[in-house]
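Dropping protein_6.txt in here (compact mmCIF, N, CA and C atoms):
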```txt
# COMPACT_ATOMS: atom_id res chain seq x y z
N MET A 1 -3.17 -73.62 16.53
CA MET A 1 -4.18 -73.15 15.61
C MET A 1 -5.51 -73.06 16.35
N GLU A 2 -6.14 -71.89 16.32
CA GLU A 2 -7.34 -71.70 17.13
C GLU A 2 -8.57 -72.43 16.58
N GLY A 3 -8.79 -72.41 15.27
CA GLY A 3 -9.93 -73.10 14.70
C GLY A 3 -9.51 -73.92 13.50
N MET A 4 -9.85 -75.21 13.50
CA MET A 4 -9.48 -76.06 12.39
C MET A 4 -10.62 -76.06 11.38
N LYS A 5 -10.28 -75.87 10.11
CA LYS A 5 -11.28 -75.77 9.06
C LYS A 5 -11.67 -77.13 8.48
N LEU A 6 -10.90 -78.16 8.81
CA LEU A 6 -11.18 -79.50 8.29
C LEU A 6 -12.06 -80.27 9.26
N LYS A 7 -12.82 -81.23 8.71
CA LYS A 7 -13.70 -82.06 9.52
C LYS A 7 -13.48 -83.53 9.18
N LYS A 8 -13.91 -84.40 10.07
CA LYS A 8 -13.84 -85.84 9.85
C LYS A 8 -14.68 -86.19 8.61
N GLY A 9 -14.10 -87.00 7.72
CA GLY A 9 -14.81 -87.39 6.50
C GLY A 9 -14.48 -86.54 5.29
N ASP A 10 -13.77 -85.43 5.48
CA ASP A 10 -13.37 -84.57 4.36
C ASP A 10 -12.34 -85.28 3.49
N LEU A 11 -12.42 -85.07 2.18
CA LEU A 11 -11.43 -85.59 1.25
C LEU A 11 -10.30 -84.57 1.15
N VAL A 12 -9.06 -85.00 1.45
CA VAL A 12 -7.92 -84.08 1.43
C VAL A 12 -6.81 -84.64 0.55
N LYS A 13 -5.94 -83.73 0.08
CA LYS A 13 -4.78 -84.10 -0.70
C LYS A 13 -3.54 -83.70 0.10
N VAL A 14 -2.55 -84.59 0.17
CA VAL A 14 -1.31 -84.28 0.88
C VAL A 14 -0.45 -83.42 -0.04
N ILE A 15 -0.02 -82.25 0.46
CA ILE A 15 0.72 -81.30 -0.36
C ILE A 15 2.20 -81.22 0.01
N ALA A 16 2.61 -81.96 1.06
CA ALA A 16 4.02 -81.97 1.46
C ALA A 16 4.33 -83.26 2.20
N GLY A 17 5.60 -83.69 2.13
CA GLY A 17 6.02 -84.88 2.84
C GLY A 17 6.14 -86.09 1.93
N LYS A 18 6.37 -87.26 2.54
CA LYS A 18 6.62 -88.47 1.76
C LYS A 18 5.38 -88.98 1.02
N GLU A 19 4.20 -88.59 1.44
CA GLU A 19 2.95 -89.02 0.79
C GLU A 19 2.40 -87.95 -0.14
N LYS A 20 3.22 -86.99 -0.55
CA LYS A 20 2.81 -85.86 -1.38
C LYS A 20 2.11 -86.31 -2.66
N GLY A 21 0.95 -85.68 -2.94
CA GLY A 21 0.20 -85.98 -4.15
C GLY A 21 -0.92 -86.99 -3.95
N LYS A 22 -0.94 -87.70 -2.83
CA LYS A 22 -1.96 -88.71 -2.58
C LYS A 22 -3.18 -88.10 -1.90
N THR A 23 -4.34 -88.71 -2.12
CA THR A 23 -5.57 -88.22 -1.52
C THR A 23 -6.19 -89.29 -0.64
N GLY A 24 -7.00 -88.85 0.32
CA GLY A 24 -7.69 -89.78 1.22
C GLY A 24 -8.66 -89.04 2.11
N LYS A 25 -9.51 -89.81 2.81
CA LYS A 25 -10.49 -89.23 3.72
C LYS A 25 -9.91 -89.12 5.12
N ILE A 26 -10.30 -88.07 5.83
CA ILE A 26 -9.86 -87.88 7.21
C ILE A 26 -10.63 -88.85 8.11
N MET A 27 -9.88 -89.67 8.86
CA MET A 27 -10.49 -90.62 9.79
C MET A 27 -10.63 -90.02 11.19
N LYS A 28 -9.62 -89.24 11.59
CA LYS A 28 -9.58 -88.71 12.95
C LYS A 28 -8.84 -87.38 12.95
N ILE A 29 -9.25 -86.47 13.84
CA ILE A 29 -8.59 -85.17 13.98
C ILE A 29 -8.01 -85.08 15.38
N LEU A 30 -6.71 -84.77 15.47
CA LEU A 30 -6.04 -84.59 16.76
C LEU A 30 -5.86 -83.09 16.96
N ARG A 31 -6.86 -82.44 17.55
CA ARG A 31 -6.88 -80.98 17.68
C ARG A 31 -5.74 -80.41 18.52
N GLU A 32 -5.40 -81.10 19.61
CA GLU A 32 -4.36 -80.58 20.50
C GLU A 32 -2.98 -80.58 19.84
N LYS A 33 -2.78 -81.44 18.84
CA LYS A 33 -1.49 -81.51 18.14
C LYS A 33 -1.55 -80.91 16.75
N ASP A 34 -2.72 -80.40 16.31
CA ASP A 34 -2.93 -79.85 14.96
C ASP A 34 -2.59 -80.87 13.88
N LYS A 35 -3.02 -82.11 14.07
CA LYS A 35 -2.72 -83.17 13.12
C LYS A 35 -4.00 -83.91 12.74
N VAL A 36 -3.94 -84.57 11.58
CA VAL A 36 -5.06 -85.39 11.12
C VAL A 36 -4.54 -86.77 10.75
N ILE A 37 -5.41 -87.77 10.87
CA ILE A 37 -5.07 -89.12 10.42
C ILE A 37 -5.90 -89.39 9.18
N VAL A 38 -5.20 -89.65 8.06
CA VAL A 38 -5.85 -89.83 6.77
C VAL A 38 -5.88 -91.32 6.43
N GLU A 39 -7.02 -91.78 5.93
CA GLU A 39 -7.25 -93.18 5.60
C GLU A 39 -6.26 -93.69 4.55
N LYS A 40 -5.58 -94.79 4.87
CA LYS A 40 -4.64 -95.49 3.98
C LYS A 40 -3.44 -94.65 3.55
N LEU A 41 -3.02 -93.69 4.38
CA LEU A 41 -1.84 -92.86 4.09
C LEU A 41 -0.93 -92.78 5.31
N ASN A 42 0.36 -92.57 5.07
CA ASN A 42 1.37 -92.37 6.11
C ASN A 42 1.42 -93.54 7.10
N PHE A 43 1.60 -94.76 6.57
CA PHE A 43 1.66 -95.94 7.44
C PHE A 43 2.94 -95.95 8.27
N VAL A 44 2.79 -96.30 9.56
CA VAL A 44 3.92 -96.44 10.47
C VAL A 44 3.83 -97.82 11.11
N LYS A 45 4.97 -98.37 11.50
CA LYS A 45 5.00 -99.68 12.15
C LYS A 45 5.10 -99.49 13.65
N ARG A 46 4.28 -100.22 14.39
CA ARG A 46 4.28 -100.18 15.84
C ARG A 46 4.47 -101.59 16.37
N HIS A 47 5.31 -101.74 17.37
CA HIS A 47 5.51 -103.04 18.02
C HIS A 47 4.45 -103.19 19.09
N GLN A 48 3.55 -104.16 18.90
CA GLN A 48 2.41 -104.36 19.79
C GLN A 48 2.66 -105.53 20.73
N ARG A 49 2.56 -105.28 22.03
CA ARG A 49 2.67 -106.34 23.02
C ARG A 49 1.35 -107.10 23.04
N PRO A 50 1.38 -108.43 23.13
CA PRO A 50 0.12 -109.18 23.13
C PRO A 50 -0.70 -108.89 24.39
N THR A 51 -2.01 -108.68 24.19
CA THR A 51 -2.94 -108.48 25.30
C THR A 51 -4.08 -109.49 25.13
N ALA A 52 -5.08 -109.40 26.00
CA ALA A 52 -6.22 -110.30 25.92
C ALA A 52 -7.01 -110.09 24.63
N LYS A 53 -7.03 -108.85 24.13
CA LYS A 53 -7.81 -108.52 22.93
C LYS A 53 -6.99 -108.61 21.65
N VAL A 54 -5.71 -108.18 21.70
CA VAL A 54 -4.91 -108.03 20.49
C VAL A 54 -3.74 -109.01 20.49
N LYS A 55 -3.53 -109.62 19.34
CA LYS A 55 -2.37 -110.49 19.17
C LYS A 55 -1.14 -109.60 18.99
N GLY A 56 -0.01 -110.01 19.55
CA GLY A 56 1.20 -109.21 19.47
C GLY A 56 1.86 -109.25 18.12
N GLY A 57 2.93 -108.47 17.94
CA GLY A 57 3.68 -108.45 16.70
C GLY A 57 3.87 -107.04 16.20
N ILE A 58 4.34 -106.91 14.97
CA ILE A 58 4.55 -105.60 14.37
C ILE A 58 3.29 -105.24 13.58
N VAL A 59 2.65 -104.15 14.00
CA VAL A 59 1.38 -103.72 13.42
C VAL A 59 1.61 -102.47 12.59
N GLU A 60 1.01 -102.42 11.39
CA GLU A 60 1.06 -101.21 10.57
C GLU A 60 -0.24 -100.46 10.72
N LYS A 61 -0.15 -99.15 10.99
CA LYS A 61 -1.36 -98.33 11.08
C LYS A 61 -1.05 -96.93 10.57
N GLU A 62 -2.10 -96.14 10.33
CA GLU A 62 -1.94 -94.79 9.81
C GLU A 62 -1.35 -93.88 10.88
N GLY A 63 -0.37 -93.08 10.47
CA GLY A 63 0.23 -92.11 11.37
C GLY A 63 -0.34 -90.73 11.12
N PRO A 64 -0.18 -89.80 12.08
CA PRO A 64 -0.72 -88.46 11.90
C PRO A 64 0.09 -87.62 10.91
N ILE A 65 -0.61 -86.72 10.22
CA ILE A 65 0.01 -85.76 9.29
C ILE A 65 -0.39 -84.38 9.78
N HIS A 66 0.54 -83.44 9.79
CA HIS A 66 0.23 -82.09 10.24
C HIS A 66 -0.79 -81.45 9.30
N VAL A 67 -1.70 -80.67 9.89
CA VAL A 67 -2.80 -80.09 9.13
C VAL A 67 -2.31 -79.11 8.05
N SER A 68 -1.11 -78.54 8.23
CA SER A 68 -0.57 -77.62 7.22
C SER A 68 -0.08 -78.36 5.98
N ASN A 69 0.07 -79.68 6.08
CA ASN A 69 0.56 -80.48 4.95
C ASN A 69 -0.56 -81.14 4.15
N VAL A 70 -1.82 -80.82 4.47
CA VAL A 70 -2.94 -81.33 3.70
C VAL A 70 -3.82 -80.17 3.24
N ALA A 71 -4.49 -80.36 2.09
CA ALA A 71 -5.40 -79.35 1.56
C ALA A 71 -6.73 -80.01 1.20
N TYR A 72 -7.82 -79.31 1.45
CA TYR A 72 -9.16 -79.81 1.14
C TYR A 72 -9.33 -79.95 -0.36
N MET A 73 -9.95 -81.06 -0.80
CA MET A 73 -10.23 -81.27 -2.23
C MET A 73 -11.68 -80.87 -2.50
N CYS A 74 -11.85 -79.82 -3.32
CA CYS A 74 -13.19 -79.34 -3.69
C CYS A 74 -13.77 -80.25 -4.76
N ASN A 75 -15.04 -80.61 -4.61
CA ASN A 75 -15.71 -81.49 -5.58
C ASN A 75 -15.91 -80.78 -6.92
N LYS A 76 -16.27 -79.50 -6.88
CA LYS A 76 -16.56 -78.76 -8.11
C LYS A 76 -15.27 -78.39 -8.84
N CYS A 77 -14.27 -77.86 -8.11
CA CYS A 77 -12.99 -77.46 -8.72
C CYS A 77 -12.14 -78.67 -9.09
N ASP A 78 -12.31 -79.78 -8.36
CA ASP A 78 -11.49 -80.99 -8.50
C ASP A 78 -10.00 -80.65 -8.30
N ALA A 79 -9.74 -79.80 -7.32
CA ALA A 79 -8.38 -79.35 -7.02
C ALA A 79 -8.26 -79.06 -5.53
N PRO A 80 -7.03 -79.09 -4.98
CA PRO A 80 -6.86 -78.70 -3.57
C PRO A 80 -7.10 -77.20 -3.41
N VAL A 81 -7.93 -76.83 -2.44
CA VAL A 81 -8.32 -75.43 -2.26
C VAL A 81 -8.22 -75.03 -0.79
N ARG A 82 -8.24 -73.72 -0.58
CA ARG A 82 -8.32 -73.18 0.78
C ARG A 82 -9.79 -73.02 1.14
N ILE A 83 -10.07 -73.05 2.44
CA ILE A 83 -11.44 -72.98 2.92
C ILE A 83 -11.68 -71.63 3.58
N GLY A 84 -12.83 -71.03 3.26
CA GLY A 84 -13.25 -69.79 3.90
C GLY A 84 -14.58 -70.02 4.59
N PHE A 85 -15.07 -69.00 5.27
CA PHE A 85 -16.36 -69.09 5.95
C PHE A 85 -17.28 -67.99 5.47
N LYS A 86 -18.59 -68.28 5.53
CA LYS A 86 -19.61 -67.33 5.11
C LYS A 86 -20.81 -67.53 6.00
N VAL A 87 -21.45 -66.42 6.41
CA VAL A 87 -22.66 -66.51 7.21
C VAL A 87 -23.85 -66.31 6.27
N LEU A 88 -24.76 -67.28 6.24
CA LEU A 88 -25.93 -67.22 5.38
C LEU A 88 -26.99 -66.28 5.97
N GLU A 89 -28.06 -66.02 5.18
CA GLU A 89 -29.12 -65.11 5.61
C GLU A 89 -29.82 -65.59 6.88
N ASP A 90 -29.93 -66.92 7.03
CA ASP A 90 -30.59 -67.46 8.22
C ASP A 90 -29.68 -67.52 9.44
N GLY A 91 -28.45 -67.00 9.32
CA GLY A 91 -27.52 -66.93 10.44
C GLY A 91 -26.62 -68.14 10.58
N LYS A 92 -26.73 -69.10 9.68
CA LYS A 92 -25.91 -70.30 9.74
C LYS A 92 -24.54 -70.03 9.13
N LYS A 93 -23.47 -70.47 9.82
CA LYS A 93 -22.10 -70.29 9.35
C LYS A 93 -21.68 -71.55 8.59
N VAL A 94 -21.25 -71.38 7.33
CA VAL A 94 -20.88 -72.52 6.50
C VAL A 94 -19.49 -72.32 5.92
N ARG A 95 -18.85 -73.44 5.54
CA ARG A 95 -17.54 -73.40 4.90
C ARG A 95 -17.75 -73.22 3.39
N ILE A 96 -16.88 -72.42 2.77
CA ILE A 96 -16.95 -72.22 1.32
C ILE A 96 -15.58 -72.45 0.69
N CYS A 97 -15.59 -72.81 -0.60
CA CYS A 97 -14.37 -72.95 -1.38
C CYS A 97 -13.91 -71.56 -1.77
N ARG A 98 -12.63 -71.26 -1.58
CA ARG A 98 -12.13 -69.93 -1.90
C ARG A 98 -11.98 -69.70 -3.40
N LYS A 99 -11.91 -70.81 -4.20
CA LYS A 99 -11.77 -70.67 -5.66
C LYS A 99 -13.11 -70.43 -6.34
N CYS A 100 -14.06 -71.35 -6.11
CA CYS A 100 -15.33 -71.28 -6.85
C CYS A 100 -16.49 -70.74 -6.01
N LYS A 101 -16.25 -70.41 -4.74
CA LYS A 101 -17.26 -69.88 -3.81
C LYS A 101 -18.42 -70.84 -3.56
N GLU A 102 -18.21 -72.13 -3.83
CA GLU A 102 -19.23 -73.16 -3.61
C GLU A 102 -19.33 -73.47 -2.12
N ILE A 103 -20.55 -73.70 -1.62
CA ILE A 103 -20.75 -74.06 -0.21
C ILE A 103 -20.36 -75.52 -0.03
N LEU A 104 -19.48 -75.80 0.96
CA LEU A 104 -18.95 -77.16 1.17
C LEU A 104 -19.81 -77.96 2.14
N ASP A 105 -20.49 -77.30 3.08
CA ASP A 105 -21.31 -77.99 4.07
C ASP A 105 -22.74 -78.14 3.56
N GLU A 106 -23.30 -79.33 3.79
CA GLU A 106 -24.70 -79.56 3.39
C GLU A 106 -25.62 -79.22 4.53
```
Would you write out, as structure tokens, the structure that this file holds?
Amino acid sequence: MEGMKLKKGDLVKVIAGKEKGKTGKIMKILREKDKVIVEKLNFVKRHQRPTAKVKGGIVEKEGPIHVSNVAYMCNKCDAPVRIGFKVLEDGKKVRICRKCKEILDE
């Protein structure tokens, strides 16, 4: 995917997979893999070897979800929507909601 329309901190809803229907904020974006890590969703177990900083054991942490399986949640529509772009009069490029045409970027 050449340009990702989602940003860190965006509220998204999972539209496919085992976490379908749940919402959360984006914590991290993995651009090279086209995946996002959503807060408190898609937990996976990892076996952690003890180091000087971290105690060992089985650790649960958020796993990545493909960007095609999440949709942006519009504040005005209160629904998952697609994102479009619009260039304002001052030349600034902003993201817009495709349903209500509301500007998403402040």
Using all atoms listed in the file, which protein or nucleic acid residues come within 6 Å of His47 of chain A? Drop anything in the same chain fewer than 6 positions from it, and give the result as a list in words. Gly57, Ile58 and Val59 of chain A
Residues near Lys5 of chain A, cut-off 8 Å, all atoms listed in the file, skip fewer than 4 positions along chain, as a ChimeraX atom specification: /A:83-84,95
N, CA and C atoms of the current selection, written as a CSV table (one decimal), in the frame of the given file:
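Saved file again.csv follows:
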```csv
chain,number,residue,atom,x,y,z
A,83,ILE,N,-10.1,-73.0,2.4
A,83,ILE,CA,-11.4,-73.0,2.9
A,83,ILE,C,-11.7,-71.6,3.6
A,84,GLY,N,-12.8,-71.0,3.3
A,84,GLY,CA,-13.2,-69.8,3.9
A,84,GLY,C,-14.6,-70.0,4.6
A,95,ARG,N,-18.8,-73.4,5.5
A,95,ARG,CA,-17.5,-73.4,4.9
A,95,ARG,C,-17.8,-73.2,3.4
```
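Relative to atom C of Val87 of chain A, atom C of Ala71 of chain A is found at 22.5 Å.
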Contacts of Ile96 of chain A at 8 Å (only C-alpha atoms; same-chain gap of 4+ positions) as a PDB file with N, CA and C atoms, keeping the file's coordinate frame:
```
ATOM      1  N   ILE A  83     -10.070 -73.050   2.440  1.00  0.00           N
ATOM      2  CA  ILE A  83     -11.440 -72.980   2.920  1.00  0.00           C
ATOM      3  C   ILE A  83     -11.680 -71.630   3.580  1.00  0.00           C
ATOM      4  N   GLY A  84     -12.830 -71.030   3.260  1.00  0.00           N
ATOM      5  CA  GLY A  84     -13.250 -69.790   3.900  1.00  0.00           C
ATOM      6  C   GLY A  84     -14.580 -70.020   4.590  1.00  0.00           C
ATOM      7  N   PHE A  85     -15.070 -69.000   5.270  1.00  0.00           N
ATOM      8  CA  PHE A  85     -16.360 -69.090   5.950  1.00  0.00           C
ATOM      9  C   PHE A  85     -17.280 -67.990   5.470  1.00  0.00           C
ATOM     10  N   LYS A  86     -18.590 -68.280   5.530  1.00  0.00           N
ATOM     11  CA  LYS A  86     -19.610 -67.330   5.110  1.00  0.00           C
ATOM     12  C   LYS A  86     -20.810 -67.530   6.000  1.00  0.00           C
ATOM     13  N   LYS A 101     -16.250 -70.410  -4.740  1.00  0.00           N
ATOM     14  CA  LYS A 101     -17.260 -69.880  -3.810  1.00  0.00           C
ATOM     15  C   LYS A 101     -18.420 -70.840  -3.560  1.00  0.00           C
ATOM     16  N   GLU A 102     -18.210 -72.130  -3.830  1.00  0.00           N
ATOM     17  CA  GLU A 102     -19.230 -73.160  -3.610  1.00  0.00           C
ATOM     18  C   GLU A 102     -19.330 -73.470  -2.120  1.00  0.00           C
ATOM     19  N   ILE A 103     -20.550 -73.700  -1.620  1.00  0.00           N
ATOM     20  CA  ILE A 103     -20.750 -74.060  -0.210  1.00  0.00           C
ATOM     21  C   ILE A 103     -20.360 -75.520  -0.030  1.00  0.00           C
ATOM     22  N   LEU A 104     -19.480 -75.800   0.960  1.00  0.00           N
ATOM     23  CA  LEU A 104     -18.950 -77.160   1.170  1.00  0.00           C
ATOM     24  C   LEU A 104     -19.810 -77.960   2.140  1.00  0.00           C
ATOM     25  N   ASP A 105     -20.490 -77.300   3.080  1.00  0.00           N
ATOM     26  CA  ASP A 105     -21.310 -77.990   4.070  1.00  0.00           C
ATOM     27  C   ASP A 105     -22.740 -78.140   3.560  1.00  0.00           C
TER      28      ASP A 105
END
```
Box for segment 54-68 of chain A - axis-aligned, 8 Å on each of the six sides, all listed atoms - centre and size in Å to one decimal, as JSON.
```
{"center_x": -0.6, "center_y": -94.1, "center_z": 13.8, "size_x": 26.3, "size_y": 48.9, "size_z": 31.7}
```
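All residues of protein, DNA or RNA that reach within 8 Å of Lys18 of chain A, judged by only C-alpha atoms and not counting those fewer than 2 positions away in the chain, are A:Ala16, A:Lys20, A:Asn42.
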Step one, run DSSP on the backbone; step two, keep only residues of chain A assigned to strand (DSSP E or B); then write them as a ChimeraX atom specification. /A:11-14,23-30,35-38,43-48,57-62,64-66,70-73,80-81,83-87,93-97,103
Using only C-alpha atoms, find the one residue out of A:Pro64, A:Gly3, A:Lys92, A:Arg46 that sits nearest to Glu19 of chain A. A:Pro64
Answer as a PyMOL selection string, residues within 7 Å of (2.3, -94.6, 10.9) using all atoms listed in the file: chain A and resi 41-46+60-64
Take the residues from that selection and write them out as a PDB file, keeping the file's coordinate frame, keeping N, CA and C atoms.
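Written file, result-v7.pdb:
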```pdb
ATOM      1  N   LEU A  41      -3.020 -93.690   4.380  1.00  0.00           N
ATOM      2  CA  LEU A  41      -1.840 -92.860   4.090  1.00  0.00           C
ATOM      3  C   LEU A  41      -0.930 -92.780   5.310  1.00  0.00           C
ATOM      4  N   ASN A  42       0.360 -92.570   5.070  1.00  0.00           N
ATOM      5  CA  ASN A  42       1.370 -92.370   6.110  1.00  0.00           C
ATOM      6  C   ASN A  42       1.420 -93.540   7.100  1.00  0.00           C
ATOM      7  N   PHE A  43       1.600 -94.760   6.570  1.00  0.00           N
ATOM      8  CA  PHE A  43       1.660 -95.940   7.440  1.00  0.00           C
ATOM      9  C   PHE A  43       2.940 -95.950   8.270  1.00  0.00           C
ATOM     10  N   VAL A  44       2.790 -96.300   9.560  1.00  0.00           N
ATOM     11  CA  VAL A  44       3.920 -96.440  10.470  1.00  0.00           C
ATOM     12  C   VAL A  44       3.830 -97.820  11.110  1.00  0.00           C
ATOM     13  N   LYS A  45       4.970 -98.370  11.500  1.00  0.00           N
ATOM     14  CA  LYS A  45       5.000 -99.680  12.150  1.00  0.00           C
ATOM     15  C   LYS A  45       5.100 -99.490  13.650  1.00  0.00           C
ATOM     16  N   ARG A  46       4.280-100.220  14.390  1.00  0.00           N
ATOM     17  CA  ARG A  46       4.280-100.180  15.840  1.00  0.00           C
ATOM     18  C   ARG A  46       4.470-101.590  16.370  1.00  0.00           C
ATOM     19  N   GLU A  60       1.010-102.420  11.390  1.00  0.00           N
ATOM     20  CA  GLU A  60       1.060-101.210  10.570  1.00  0.00           C
ATOM     21  C   GLU A  60      -0.240-100.460  10.720  1.00  0.00           C
ATOM     22  N   LYS A  61      -0.150 -99.150  10.990  1.00  0.00           N
ATOM     23  CA  LYS A  61      -1.360 -98.330  11.080  1.00  0.00           C
ATOM     24  C   LYS A  61      -1.050 -96.930  10.570  1.00  0.00           C
ATOM     25  N   GLU A  62      -2.100 -96.140  10.330  1.00  0.00           N
ATOM     26  CA  GLU A  62      -1.940 -94.790   9.810  1.00  0.00           C
ATOM     27  C   GLU A  62      -1.350 -93.880  10.880  1.00  0.00           C
ATOM     28  N   GLY A  63      -0.370 -93.080  10.470  1.00  0.00           N
ATOM     29  CA  GLY A  63       0.230 -92.110  11.370  1.00  0.00           C
ATOM     30  C   GLY A  63      -0.340 -90.730  11.120  1.00  0.00           C
ATOM     31  N   PRO A  64      -0.180 -89.800  12.080  1.00  0.00           N
ATOM     32  CA  PRO A  64      -0.720 -88.460  11.900  1.00  0.00           C
ATOM     33  C   PRO A  64       0.090 -87.620  10.910  1.00  0.00           C
TER      34      PRO A  64
END
```
What is the distance, in Å and to one decimal place, between atom C of Glu39 of chain A and atom N of Lys76 of chain A? 20.8 Å
DSSP on the backbone, then: every residue of segment 2-99 of chain A marked helix (DSSP H, G or I), written as a ChimeraX atom specification. /A:31-33,67-69
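Here atom N of Glu32 of chain A is placed at a distance of 23.4 Å from atom C of Pro80 of chain A.
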Using all atoms listed in the file, which of A:Val81, A:Cys100, A:Lys22, A:Tyr72 sits nearest Leu6 of chain A? A:Tyr72
If we count all atoms listed in the file and set the cut-off at 8 Å, which residues sit around segment 24-27 of chain A, ignoring sequence neighbours fewer than 3 positions away in its own chain? Please answer as a count of residues only. 16
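Candidate residues A:Asp34, A:Glu89, A:Pro50, A:Gly17 were compared for distance to His66 of chain A, and the nearest is A:Asp34, using only C-alpha atoms.
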